[in-house]
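For reference, data_35.cif (mmCIF, C-alpha atoms):
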data_my_file
loop_
_atom_site.label_atom_id
_atom_site.label_comp_id
_atom_site.auth_asym_id
_atom_site.auth_seq_id
_atom_site.Cartn_x
_atom_site.Cartn_y
_atom_site.Cartn_z
CA MET A 389 93.79 116.72 108.18
CA ILE A 390 94.52 113.07 108.97
CA HIS A 391 95.60 112.27 112.52
CA MET A 392 97.56 109.08 113.22
CA LEU A 393 97.26 108.25 116.88
CA HIS A 394 99.01 105.90 119.28
CA ASN A 395 97.79 104.74 122.70
CA ALA A 396 99.31 107.75 124.44
CA ASP A 397 97.47 110.14 122.15
CA ILE A 398 93.97 108.86 122.86
CA GLU A 399 93.06 111.57 125.34
CA THR A 400 93.96 114.26 122.78
CA LEU A 401 91.82 113.01 119.92
CA PRO A 402 91.34 116.08 117.70
CA THR A 403 87.93 117.60 117.22
CA THR A 404 88.75 119.78 114.21
CA PRO A 405 85.76 119.61 111.88
CA PRO A 406 86.29 117.86 108.54
CA THR A 407 86.26 119.71 105.24
CA HIS A 408 82.82 118.30 104.38
CA LEU A 409 80.12 117.82 106.96
CA PRO A 410 79.55 114.13 107.82
CA SER A 411 76.18 112.69 108.78
CA HIS A 412 77.36 110.83 111.89
CA THR A 413 80.49 110.19 113.92
CA VAL A 414 81.53 106.55 113.99
CA ILE A 415 83.95 104.55 116.13
CA ALA A 416 85.06 101.34 114.39
CA THR A 417 87.30 98.40 115.21
CA ALA A 418 89.22 96.81 112.35
CA TYR A 419 91.88 94.44 113.66
CA SER A 420 92.85 93.68 110.08
CA CYS A 421 93.03 96.85 107.98
CA GLU A 422 95.52 97.56 105.23
CA PRO A 423 95.24 99.32 101.87
CA ASN A 424 95.99 97.59 98.57
CA LYS A 425 95.38 94.13 99.99
CA GLY A 426 92.71 91.50 99.52
CA SER A 427 90.91 89.33 102.05
CA GLU A 428 90.46 90.65 105.62
CA PRO A 429 92.98 93.53 105.38
CA GLY A 430 91.33 94.80 102.21
CA ILE A 431 87.84 94.47 103.68
CA GLY A 432 88.83 96.43 106.77
CA TRP A 433 90.45 99.22 104.78
CA ASN A 434 87.85 99.58 102.05
CA VAL A 435 84.84 99.50 104.36
CA VAL A 436 86.10 102.29 106.63
CA ARG A 437 87.56 104.31 103.76
CA GLU A 438 84.29 104.32 101.84
CA ALA A 439 82.16 104.90 104.95
CA ALA A 440 84.23 108.03 105.62
CA ARG A 441 82.93 109.52 102.37
CA GLN A 442 79.70 110.31 104.23
CA HIS A 443 80.51 109.99 107.94
CA ARG A 444 83.39 110.88 110.23
CA VAL A 445 85.06 107.60 111.11
CA THR A 446 87.65 106.86 113.80
CA VAL A 447 89.19 103.41 113.45
CA ILE A 448 90.97 101.39 116.13
CA THR A 449 93.40 99.00 114.48
CA ARG A 450 96.71 97.28 115.15
CA GLU A 451 100.01 99.15 115.20
CA ASN A 452 101.55 96.95 112.52
CA ASN A 453 99.01 98.36 110.03
CA GLN A 454 100.28 101.93 110.56
CA PRO A 455 103.05 102.19 107.91
CA ALA A 456 100.81 101.11 105.03
CA ILE A 457 97.88 103.24 106.23
CA GLU A 458 100.01 106.37 106.70
CA ALA A 459 101.59 105.96 103.27
CA GLU A 460 98.23 105.56 101.55
CA LEU A 461 96.61 108.51 103.32
CA ALA A 462 99.63 110.70 102.55
CA ARG A 463 99.11 109.80 98.89
CA ASP A 464 95.30 110.13 98.94
CA PRO A 465 93.99 111.92 102.08
CA GLU A 466 90.49 111.46 103.47
CA PRO A 467 89.60 114.26 105.94
CA ASN A 468 86.83 112.24 107.61
CA LEU A 469 89.05 109.27 108.46
CA GLN A 470 91.43 108.95 111.41
CA PHE A 471 93.14 106.04 113.12
CA VAL A 472 94.05 105.00 116.65
CA TYR A 473 96.73 102.31 116.81
CA PHE A 474 96.40 99.85 119.66
CA ASP A 475 98.06 96.62 120.68
CA LEU A 476 98.25 94.69 123.91
CA PRO A 477 101.33 95.37 126.07
CA ALA A 478 104.46 93.43 125.16
CA TRP A 479 104.13 91.22 128.25
CA ALA A 480 100.66 90.17 127.09
CA ARG A 481 101.63 89.27 123.51
CA TRP A 482 105.04 87.59 123.70
CA TRP A 483 103.42 84.21 123.12
CA LYS A 484 101.78 85.23 119.82
CA ARG A 485 103.86 84.17 116.81
CA GLY A 486 102.15 84.44 113.44
CA THR A 487 98.99 82.35 113.55
CA ARG A 488 100.08 80.65 116.78
CA GLY A 489 97.92 82.03 119.54
CA LEU A 490 96.06 84.29 117.10
CA GLN A 491 92.55 83.49 118.29
CA ALA A 492 93.34 84.06 121.96
CA TYR A 493 95.22 87.26 121.16
CA TYR A 494 92.41 88.55 118.95
CA TYR A 495 89.84 87.92 121.68
CA LEU A 496 91.92 89.86 124.22
CA TRP A 497 92.61 92.59 121.66
CA GLN A 498 88.89 93.05 121.16
CA ILE A 499 88.42 93.57 124.91
CA GLY A 500 91.27 96.09 124.99
CA ALA A 501 90.03 97.88 121.87
CA ALA A 502 86.59 98.29 123.47
CA ARG A 503 88.25 99.94 126.48
CA VAL A 504 90.05 102.33 124.16
CA ALA A 505 86.74 103.04 122.42
CA ARG A 506 85.05 103.83 125.74
CA ARG A 507 87.79 106.33 126.60
CA LEU A 508 87.44 107.98 123.21
CA HIS A 509 83.66 108.04 123.53
CA ALA A 510 83.86 109.63 126.98
CA ALA A 511 86.06 112.41 125.61
CA THR A 512 84.17 112.99 122.35
CA PRO A 513 80.89 111.05 122.03
CA PHE A 514 80.20 109.02 118.90
CA ASP A 515 76.86 108.31 117.24
CA VAL A 516 77.56 104.76 116.01
CA ALA A 517 79.91 101.88 116.86
CA HIS A 518 80.94 99.47 114.09
CA HIS A 519 82.87 96.20 114.26
CA VAL A 520 84.45 95.57 110.85
CA THR A 521 87.18 92.90 111.11
CA PHE A 522 87.73 90.09 111.75
CA GLY A 523 84.54 89.26 109.92
CA ARG A 524 83.57 85.97 111.57
CA TYR A 525 80.11 85.56 112.97
CA TRP A 526 81.34 83.29 115.76
CA ASN A 527 83.73 85.92 117.20
CA PRO A 528 82.25 88.57 119.50
CA SER A 529 82.67 92.33 119.58
CA PHE A 530 82.68 94.31 122.81
CA LEU A 531 81.75 97.63 121.23
CA PRO A 532 78.10 97.29 122.35
CA SER A 533 79.38 98.26 125.81
CA LEU A 534 79.51 101.86 124.57
CA GLY A 535 75.73 102.01 124.75
CA ILE A 536 75.28 103.57 121.30
CA PRO A 537 73.81 102.05 118.11
CA PHE A 538 76.01 99.14 117.06
CA VAL A 539 76.64 97.82 113.52
CA TRP A 540 78.21 94.39 113.08
CA GLY A 541 79.94 93.23 109.93
CA PRO A 542 80.16 92.26 107.21
CA VAL A 543 80.50 88.94 109.00
CA GLY A 544 80.79 85.62 107.22
CA GLY A 545 81.70 82.03 107.90
CA GLY A 546 78.23 80.51 107.95
CA GLU A 547 78.92 78.60 104.75
CA SER A 548 79.51 74.84 104.93
CA ALA A 549 80.56 72.26 102.37
CA PRO A 550 77.54 69.97 101.79
CA LYS A 551 78.14 66.65 103.54
CA PRO A 552 77.98 64.53 100.35
CA PHE A 553 81.18 66.26 99.21
CA TRP A 554 83.17 65.35 102.33
CA ALA A 555 83.95 61.86 101.08
CA GLY A 556 86.24 63.32 98.43
CA PHE A 557 88.25 65.47 100.86
CA GLY A 558 90.62 62.80 102.15
CA MET A 559 91.36 62.24 105.82
CA LYS A 560 93.05 65.60 106.42
CA GLY A 561 90.28 67.46 104.62
CA ARG A 562 87.54 65.77 106.62
CA LEU A 563 89.41 66.48 109.84
CA TYR A 564 89.72 70.14 108.84
CA GLU A 565 85.97 70.38 108.26
CA GLN A 566 85.22 68.70 111.60
CA VAL A 567 87.53 71.06 113.47
CA ARG A 568 86.03 74.05 111.64
CA ASP A 569 82.50 72.96 112.55
CA LEU A 570 83.56 72.48 116.18
CA ALA A 571 85.21 75.91 116.31
CA ARG A 572 82.07 77.55 114.92
CA TRP A 573 79.86 75.66 117.38
CA ILE A 574 82.03 76.68 120.35
CA GLY A 575 82.18 80.28 119.14
CA ALA A 576 78.46 80.54 118.49
CA ALA A 577 77.79 79.17 121.99
CA ASP A 578 79.89 81.95 123.57
CA PRO A 579 77.51 84.22 125.52
CA ALA A 580 79.55 87.20 124.27
CA VAL A 581 78.71 86.28 120.67
CA LYS A 582 75.02 86.05 121.51
CA ARG A 583 75.18 89.45 123.23
CA THR A 584 76.90 90.88 120.17
CA ALA A 585 74.17 89.57 117.86
CA ARG A 586 71.33 90.77 120.08
CA ALA A 587 72.92 94.21 120.56
CA ALA A 588 73.36 94.88 116.85
CA ALA A 589 70.97 97.49 115.50
CA LEU A 590 72.08 96.21 112.08
CA THR A 591 74.12 93.18 111.05
CA PHE A 592 75.75 92.90 107.65
CA ALA A 593 76.10 89.24 106.59
CA THR A 594 78.13 88.18 103.57
CA THR A 595 75.77 85.40 102.45
CA GLU A 596 72.33 83.97 103.16
CA GLU A 597 73.96 81.09 105.04
CA THR A 598 75.65 83.51 107.44
CA ALA A 599 72.48 85.60 107.69
CA GLN A 600 70.68 82.52 108.98
CA ALA A 601 73.47 81.83 111.49
CA VAL A 602 73.41 85.36 112.96
CA ARG A 603 69.62 85.32 113.17
CA GLU A 604 69.87 82.11 115.18
CA ALA A 605 72.36 83.89 117.44
CA GLY A 606 69.83 86.67 118.08
CA ALA A 607 70.38 89.30 115.38
CA GLN A 608 67.13 91.05 114.49
CA ARG A 609 67.88 93.26 111.47
CA VAL A 610 70.16 91.64 108.89
CA GLU A 611 71.24 92.84 105.44
CA ILE A 612 73.34 90.98 102.87
CA LEU A 613 76.62 92.77 102.17
CA GLY A 614 79.20 90.74 100.26
CA ASN A 615 82.79 91.24 101.32
CA ALA A 616 84.31 91.01 97.82
CA ALA A 617 84.47 94.12 95.65
CA LEU A 618 86.80 96.30 93.61
CA ASN A 619 87.35 100.02 93.54
CA GLN A 620 86.70 101.95 90.35
CA ALA A 621 90.36 102.22 89.42
CA GLU A 622 90.75 98.43 89.62
CA ILE A 623 87.64 97.90 87.52
CA ASP A 624 88.93 100.30 84.89
CA ARG A 625 92.30 98.51 84.73
CA LEU A 626 90.69 95.08 84.44
CA ALA A 627 88.33 96.37 81.75
CA ASP A 628 91.42 96.76 79.53
CA THR A 629 91.87 92.97 79.45
CA PRO A 630 91.70 91.81 75.81
CA PRO A 631 88.55 89.94 74.72
CA PRO A 632 88.62 86.13 74.86
CA PRO A 633 90.82 84.64 72.14
CA ASP A 634 89.52 82.56 69.26
CA GLY A 635 90.41 78.90 69.07
CA PRO A 636 90.17 76.02 71.55
CA LEU A 637 88.67 76.77 74.97
CA ARG A 638 91.04 77.69 77.77
CA PHE A 639 89.77 77.31 81.34
CA LEU A 640 91.50 78.84 84.37
CA SER A 641 91.36 78.40 88.16
CA VAL A 642 93.12 80.79 90.53
CA GLY A 643 93.59 80.37 94.27
CA ARG A 644 95.15 78.29 96.99
CA LEU A 645 94.95 74.61 96.17
CA LEU A 646 92.85 73.50 99.14
CA HIS A 647 90.36 70.66 99.40
CA TRP A 648 87.37 72.95 99.97
CA LYS A 649 88.07 75.02 96.86
CA GLY A 650 86.55 72.20 94.80
CA PHE A 651 89.21 72.30 92.09
CA ASP A 652 89.06 68.52 91.81
CA LEU A 653 85.44 68.90 90.68
CA GLY A 654 86.51 71.31 87.97
CA LEU A 655 89.26 68.96 86.86
CA ARG A 656 86.92 65.96 86.72
CA ALA A 657 84.38 67.98 84.77
CA PHE A 658 87.06 69.12 82.31
CA ALA A 659 88.08 65.52 81.68
CA GLU A 660 84.47 64.41 81.23
CA ALA A 661 83.67 67.31 78.90
CA GLY A 662 86.42 66.38 76.47
CA GLY A 663 86.90 69.05 73.81
CA ALA A 664 89.62 68.84 71.20
CA GLY A 665 92.52 71.09 72.11
CA SER A 666 90.88 72.62 75.19
CA THR A 667 93.19 73.34 78.12
CA TYR A 668 92.92 74.00 81.85
CA ALA A 669 95.45 76.05 83.84
CA PHE A 670 95.83 76.40 87.60
CA VAL A 671 97.48 79.43 89.19
CA GLY A 672 98.26 78.99 92.87
CA ASP A 673 99.76 76.48 95.23
CA GLY A 674 98.78 74.62 98.35
CA PRO A 675 98.55 71.25 100.10
CA ASP A 676 96.16 69.82 97.48
CA ARG A 677 98.51 70.34 94.53
CA ALA A 678 100.02 66.85 94.52
CA ARG A 679 96.56 65.29 94.71
CA LEU A 680 95.33 67.39 91.80
CA GLU A 681 98.39 66.61 89.68
CA ALA A 682 97.90 62.89 90.34
CA LEU A 683 94.21 63.23 89.47
CA ALA A 684 95.08 64.86 86.14
CA GLN A 685 97.29 61.85 85.37
CA ASP A 686 94.58 59.38 86.40
CA LEU A 687 92.01 61.17 84.22
CA ASP A 688 94.44 61.12 81.27
CA VAL A 689 94.33 64.90 80.80
CA ALA A 690 97.76 65.80 82.22
CA ASP A 691 98.94 66.87 78.76
CA ARG A 692 96.16 69.52 78.66
CA VAL A 693 96.46 70.71 82.26
CA THR A 694 99.12 73.12 83.54
CA PHE A 695 99.96 73.88 87.17
CA HIS A 696 101.75 77.23 87.19
CA GLY A 697 102.13 77.58 90.95
CA VAL A 698 102.04 81.08 92.41
CA LEU A 699 102.53 83.83 89.81
CA PRO A 700 103.00 87.60 90.17
CA ARG A 701 99.75 89.50 89.78
CA SER A 702 100.73 90.80 86.34
CA GLU A 703 101.32 87.26 85.06
CA THR A 704 98.10 86.02 86.67
CA LEU A 705 96.12 88.72 84.87
CA ALA A 706 97.93 87.87 81.63
CA GLU A 707 96.91 84.24 82.09
CA MET A 708 93.33 85.40 82.66
CA GLY A 709 93.53 87.35 79.41
CA ARG A 710 94.48 84.16 77.58
CA SER A 711 91.52 82.27 79.08
CA HIS A 712 87.84 82.09 78.21
CA ALA A 713 86.40 81.45 81.69
CA LEU A 714 87.28 81.13 85.35
CA VAL A 715 86.38 77.86 87.07
CA HIS A 716 85.78 78.41 90.78
CA PRO A 717 83.73 75.54 92.26
CA SER A 718 84.37 76.51 95.90
CA LEU A 719 82.36 74.68 98.56
CA HIS A 720 82.34 77.28 101.36
CA ASP A 721 83.61 80.66 100.25
CA SER A 722 82.23 83.75 102.02
CA GLY A 723 83.64 86.00 99.33
CA GLY A 724 85.52 85.01 96.22
CA TRP A 725 87.60 88.03 95.17
CA VAL A 726 88.99 86.24 92.12
CA CYS A 727 85.45 85.84 90.78
CA ILE A 728 84.93 89.62 90.85
CA GLU A 729 88.31 90.19 89.20
CA ALA A 730 87.46 87.71 86.45
CA MET A 731 84.05 89.30 85.89
CA ALA A 732 85.58 92.78 85.73
CA ALA A 733 88.05 91.42 83.15
CA GLY A 734 85.15 90.19 81.02
CA ARG A 735 85.52 86.53 81.91
CA PRO A 736 82.46 84.49 82.92
CA VAL A 737 82.71 82.32 86.03
CA PHE A 738 81.80 78.66 86.49
CA CYS A 739 80.81 78.21 90.15
CA LEU A 740 78.59 76.21 92.48
CA ASP A 741 75.39 77.64 93.93
CA LEU A 742 77.07 78.10 97.32
CA GLY A 743 78.37 81.02 99.39
CA GLY A 744 79.71 84.27 98.01
CA PRO A 745 80.22 83.19 94.37
CA ALA A 746 76.55 82.23 94.13
CA ILE A 747 75.64 85.86 94.93
CA MET A 748 78.02 87.23 92.31
CA VAL A 749 77.28 84.93 89.37
CA ASP A 750 73.89 84.70 87.67
CA ASP A 751 72.74 83.03 84.47
CA GLU A 752 73.56 86.10 82.40
CA THR A 753 77.16 86.40 83.62
CA GLY A 754 78.35 82.83 84.11
CA ILE A 755 77.48 79.26 84.99
CA ASN A 756 75.99 78.65 88.45
CA ILE A 757 75.66 74.91 89.18
CA PRO A 758 73.60 73.28 91.98
CA ALA A 759 75.65 71.40 94.57
CA GLU A 760 73.68 68.31 95.54
CA SER A 761 76.44 65.71 95.22
CA PRO A 762 79.93 65.47 93.70
CA GLU A 763 78.65 63.28 90.87
CA GLN A 764 75.85 65.69 89.98
CA ALA A 765 78.12 68.76 90.22
CA VAL A 766 80.77 67.19 87.96
CA ARG A 767 78.14 66.03 85.48
CA ASP A 768 76.52 69.49 85.27
CA LEU A 769 79.85 71.32 85.10
CA ALA A 770 81.00 68.99 82.33
CA ALA A 771 77.79 69.58 80.36
CA ALA A 772 78.27 73.34 80.68
CA MET A 773 81.91 73.10 79.56
CA ARG A 774 80.96 70.88 76.63
CA THR A 775 78.50 73.42 75.20
CA PHE A 776 80.60 76.48 76.01
CA THR A 777 82.05 78.49 73.11
CA PRO A 778 84.32 81.52 72.70
CA ALA A 779 81.34 83.47 71.36
CA ARG A 780 79.29 82.72 74.47
CA ALA A 781 82.28 83.60 76.63
CA GLY A 782 82.24 87.05 75.05
CA VAL A 783 78.52 87.59 75.61
CA LEU A 784 78.60 86.42 79.24
CA GLY A 785 81.83 88.30 79.90
CA ARG A 786 80.42 91.62 78.77
CA ALA A 787 77.38 91.07 80.99
CA ALA A 788 79.72 90.17 83.86
CA GLN A 789 81.50 93.50 83.46
CA ARG A 790 78.19 95.37 83.63
CA ARG A 791 77.13 93.40 86.71
CA THR A 792 80.43 94.10 88.46
CA GLN A 793 80.09 97.82 87.82
CA ALA A 794 76.51 97.82 89.08
CA HIS A 795 76.83 95.66 92.20
CA PHE A 796 80.41 94.93 93.26
CA THR A 797 82.27 98.21 93.68
CA TRP A 798 83.65 99.35 97.01
CA GLU A 799 82.07 102.70 96.33
CA GLY A 800 78.65 101.05 96.18
CA LYS A 801 79.25 98.93 99.26
CA GLY A 802 80.46 102.04 101.09
CA ARG A 803 77.16 103.71 100.33
CA GLN A 804 75.32 100.70 101.78
CA VAL A 805 77.43 100.85 104.95
CA ALA A 806 76.92 104.60 105.25
CA ALA A 807 73.17 104.14 104.88
CA GLY A 808 73.38 101.39 107.50
CA TYR A 809 74.73 103.85 110.05
CA ARG A 810 71.72 106.09 109.48
CA THR A 811 69.42 103.08 109.79
CA ALA A 812 71.08 102.03 113.05
CA VAL A 813 70.69 105.48 114.56
CA ALA A 814 67.07 105.74 113.42
CA THR A 815 66.26 102.26 114.76
CA ALA A 816 67.80 103.00 118.15
CA SER A 817 65.86 106.28 118.48
CA ARG A 818 62.45 104.63 118.14
#
Structure encoded using C-alpha cells:
Amino acid sequence: MIHMLHNADIETLPTTPPTHLPSHTVIATAYSCEPNKGSEPGIGWNVVREAARQHRVTVITRENNQPAIEAELARDPEPNLQFVYFDLPAWARWWKRGTRGLQAYYYLWQIGAARVARRLHAATPFDVAHHVTFGRYWNPSFLPSLGIPFVWGPVGGGESAPKPFWAGFGMKGRLYEQVRDLARWIGAADPAVKRTARAAALTFATTEETAQAVREAGAQRVEILGNAALNQAEIDRLADTPPPPDGPLRFLSVGRLLHWKGFDLGLRAFAEAGGAGSTYAFVGDGPDRARLEALAQDLDVADRVTFHGVLPRSETLAEMGRSHALVHPSLHDSGGWVCIEAMAAGRPVFCLDLGGPAIMVDDETGINIPAESPEQAVRDLAAAMRTFTPARAGVLGRAAQRRTQAHFTWEGKGRQVAAGYRTAVATASR
C-alpha cells in the first residue's frame, strides 16, 4: 500500500510491512521529484523509485510534486515507496516566485526537511539517510543530523568550461561563468557543505570533475554515478527508431541554445568540414539563437542549417530519426540526457571529452574530442565530420544502443544506489 502523507500525518507514519522484504529502511530528501520528467525532477523520481525495488524508502519532497506522484503510483504502485509532503509555512515562502528567491528557499527547506526527518526517525528509526535532489555539490544537506549512515548524491556541478573557450562566450556568457564560479566558491566554503561531505559514508558524484570537488570538501568514499539514464520502456521505444537514412549526412543538435552548450563549435566544424548536400538542424531555443543564426550566415552555410526552435517530443524524435548523428559539444554538462536518448535511438554522438557526455560516449559509440582550445576542438570535430559516413553511423549507432542498455538504465543505476545503502551501513558499523 502506498501512503501519501502531509505534514500533519507525520506522527502516524504507517509501519505496515511491504509485500517483499527490503534490505534497509531509508529516509530520503528529494526537493525536486516528479515522474515522467527529465533533469532534476526525473533524477529525484527515478533514483528513489529504483532504490525502493530493494529497500523501503520514505521520501520527503515538496507538496507541489504530489499530484504527479500520486497519479503515477496509482497507475504503477511500489509497495516499498512512500512520500511525506513538506513545504515551509506560507508566511515563510511568500517572497519565493519561480526562480526568484529559490536558493534561499531551498536552503531553508533543507533545514525544515531535516527536522521532519528527525521526527520520523524518532517514531520509526531508519537505517540510512539519503539526500537526492537538488544534486549540487555546493549545497549542503542537513540529514547527517540524524546520526545514521548518510548517502549524498548523485551530486554534480564540478564541471567547468576550459578557460580558453571563454573568449568565444561574449560578455554575457563570460559574466555568467564568473558568477557561476563565484556561487560555487561561496557554496563550497559553507561550513555546512564541508560537514555534509565529511559526514557522507558514501558520495555519488556524476563526473570525475565533481568527484574531485567533493573530495576536496572532505568526502572520503566517492563513486561515479551519472545522473542521465532511461528506463527500459523508454529504451525499447527509442530502439524502434528507423536506421540512419542513406544519402547526404544530416547532423542534429538538441537543447537550449546557451553559450556553454558549445553549439557554435559544432556549427564552425560543420562549415569547415564541407560535404556536398550535408545539413545541420537545431532543435531548441534560447538566448544564443540569434548569435548562432548570424554565425551560420557569416560561415556561408545558412542554406544548409535549419533552426526549428522548440518542437514537441514526437517531432524531435522524428527529426532524430532523419539524422545520422547528434552533435553535443557541451562545455560543462553534468549529465546530457539527450546523448542517452540519441544513443538508445541508434545515433552516435559527437561530444567533447568533458563532463557527463565524456562518460557516456566512447570510441566505439561516437566521437569524443579533446577540449584544449576552440580552434583545436573545431578542427578535430570538422575532421571527424569530414570522414563520417552513413555506414559508420550505423555501426557506431548499434554499439551505442548496446552501451546504453548495459550502462545507462535507471534499473541499473537503482541497483548501484541500493548497493550503496548496504555499503554505507557496513562502513558505519566498522
Next on the checklist: What's the separation between atom CA of A:Glu438 and atom CA of A:Ala788, in Å to one decimal place?
Outcome noted: 23.3 Å
Item to check | Output check: residues returned by the PyMOL selection byres ((chain A and resi 646) around 9), as a ChimeraX atom specification | outcome: /A:561,643-645,647-651,673-677
Dump as an mmCIF file, keeping the file's coordinate frame, selection limited to C-alpha atoms:
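Written out: result-v5.cif:
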data_model
loop_
_atom_site.group_PDB
_atom_site.id
_atom_site.type_symbol
_atom_site.label_atom_id
_atom_site.label_comp_id
_atom_site.auth_asym_id
_atom_site.auth_seq_id
_atom_site.Cartn_x
_atom_site.Cartn_y
_atom_site.Cartn_z
ATOM 1 C CA GLY A 561 90.280 67.460 104.620
ATOM 2 C CA GLY A 643 93.590 80.370 94.270
ATOM 3 C CA ARG A 644 95.150 78.290 96.990
ATOM 4 C CA LEU A 645 94.950 74.610 96.170
ATOM 5 C CA HIS A 647 90.360 70.660 99.400
ATOM 6 C CA TRP A 648 87.370 72.950 99.970
ATOM 7 C CA LYS A 649 88.070 75.020 96.860
ATOM 8 C CA GLY A 650 86.550 72.200 94.800
ATOM 9 C CA PHE A 651 89.210 72.300 92.090
ATOM 10 C CA ASP A 673 99.760 76.480 95.230
ATOM 11 C CA GLY A 674 98.780 74.620 98.350
ATOM 12 C CA PRO A 675 98.550 71.250 100.100
ATOM 13 C CA ASP A 676 96.160 69.820 97.480
ATOM 14 C CA ARG A 677 98.510 70.340 94.530
#
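The coordinates place atom CA of A:Val766 at 7.1 Å from atom CA of A:Gly654.
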Item to check | Explicit residue set for the PyMOL selection byres ((chain A and resi 723) around 7), as an MDAnalysis selection string | outcome: chainID A and resid 614:616 721:722 724:725 744:745
Could the residues in this selection be written to a file with C-alpha atoms, as a PDB file, in the frame of the given file?
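Result written to selection23.pdb:
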ATOM      1  CA  GLY A 614      79.200  90.740 100.260  1.00  0.00           C
ATOM      2  CA  ASN A 615      82.790  91.240 101.320  1.00  0.00           C
ATOM      3  CA  ALA A 616      84.310  91.010  97.820  1.00  0.00           C
ATOM      4  CA  ASP A 721      83.610  80.660 100.250  1.00  0.00           C
ATOM      5  CA  SER A 722      82.230  83.750 102.020  1.00  0.00           C
ATOM      6  CA  GLY A 724      85.520  85.010  96.220  1.00  0.00           C
ATOM      7  CA  TRP A 725      87.600  88.030  95.170  1.00  0.00           C
ATOM      8  CA  GLY A 744      79.710  84.270  98.010  1.00  0.00           C
ATOM      9  CA  PRO A 745      80.220  83.190  94.370  1.00  0.00           C
TER      10      PRO A 745
END
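The interatomic distance for the pair atom CA of A:Arg803 and atom CA of A:Thr594 works out to 15.9 Å.
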Next on the checklist: Using all atoms listed in the file, which protein or nucleic acid residues come within 6 Å of stretch 797-802 of chain A? Drop anything in the same chain fewer than 2 positions from it, and give the result as a PyMOL selection string.
Outcome noted: chain A and resi 438-439+617-619+804-805
Applied to the shown file, which residues does the PyMOL selection byres ((chain A and resi 663) around 9) return, written as a PDB file with C-alpha atoms, keeping the file's coordinate frame?
ATOM      1  CA  PRO A 636      90.170  76.020  71.550  1.00  0.00           C
ATOM      2  CA  LEU A 637      88.670  76.770  74.970  1.00  0.00           C
ATOM      3  CA  PHE A 658      87.060  69.120  82.310  1.00  0.00           C
ATOM      4  CA  ALA A 659      88.080  65.520  81.680  1.00  0.00           C
ATOM      5  CA  ALA A 661      83.670  67.310  78.900  1.00  0.00           C
ATOM      6  CA  GLY A 662      86.420  66.380  76.470  1.00  0.00           C
ATOM      7  CA  ALA A 664      89.620  68.840  71.200  1.00  0.00           C
ATOM      8  CA  GLY A 665      92.520  71.090  72.110  1.00  0.00           C
ATOM      9  CA  SER A 666      90.880  72.620  75.190  1.00  0.00           C
ATOM     10  CA  THR A 667      93.190  73.340  78.120  1.00  0.00           C
ATOM     11  CA  MET A 773      81.910  73.100  79.560  1.00  0.00           C
ATOM     12  CA  ARG A 774      80.960  70.880  76.630  1.00  0.00           C
TER      13      ARG A 774
END
Checklist entry - If you count only C-alpha atoms, which residues fall within 7 Å of stretch 533-544 of chain A, apart from same-chain ones fewer than 5 positions away, as number ranges by chain? => result A: 506, 515-520, 523-525, 587-595, 598, 613, 615, 722, 812-813, 816
Next on the checklist: Show me, as a ChimeraX atom specification, the residues that have an atom within 12 Å of A:Ser411 when counting only C-alpha atoms, minus same-chain residues fewer than 2 positions from it.
Outcome noted: /A:406,408-409,413-414,439-445,468,514-516,806-811,813
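Distances from A:Ala580, A:Leu683, A:Met748, A:Val642 to A:His716 were compared using all atoms listed in the file, and the smallest one belongs to A:Val642.
Checking A:Ser420, A:Ser427, A:Asn453, A:Thr584 one by one against A:Ala607, counting all atoms listed in the file, you find the shortest gap at A:Thr584.
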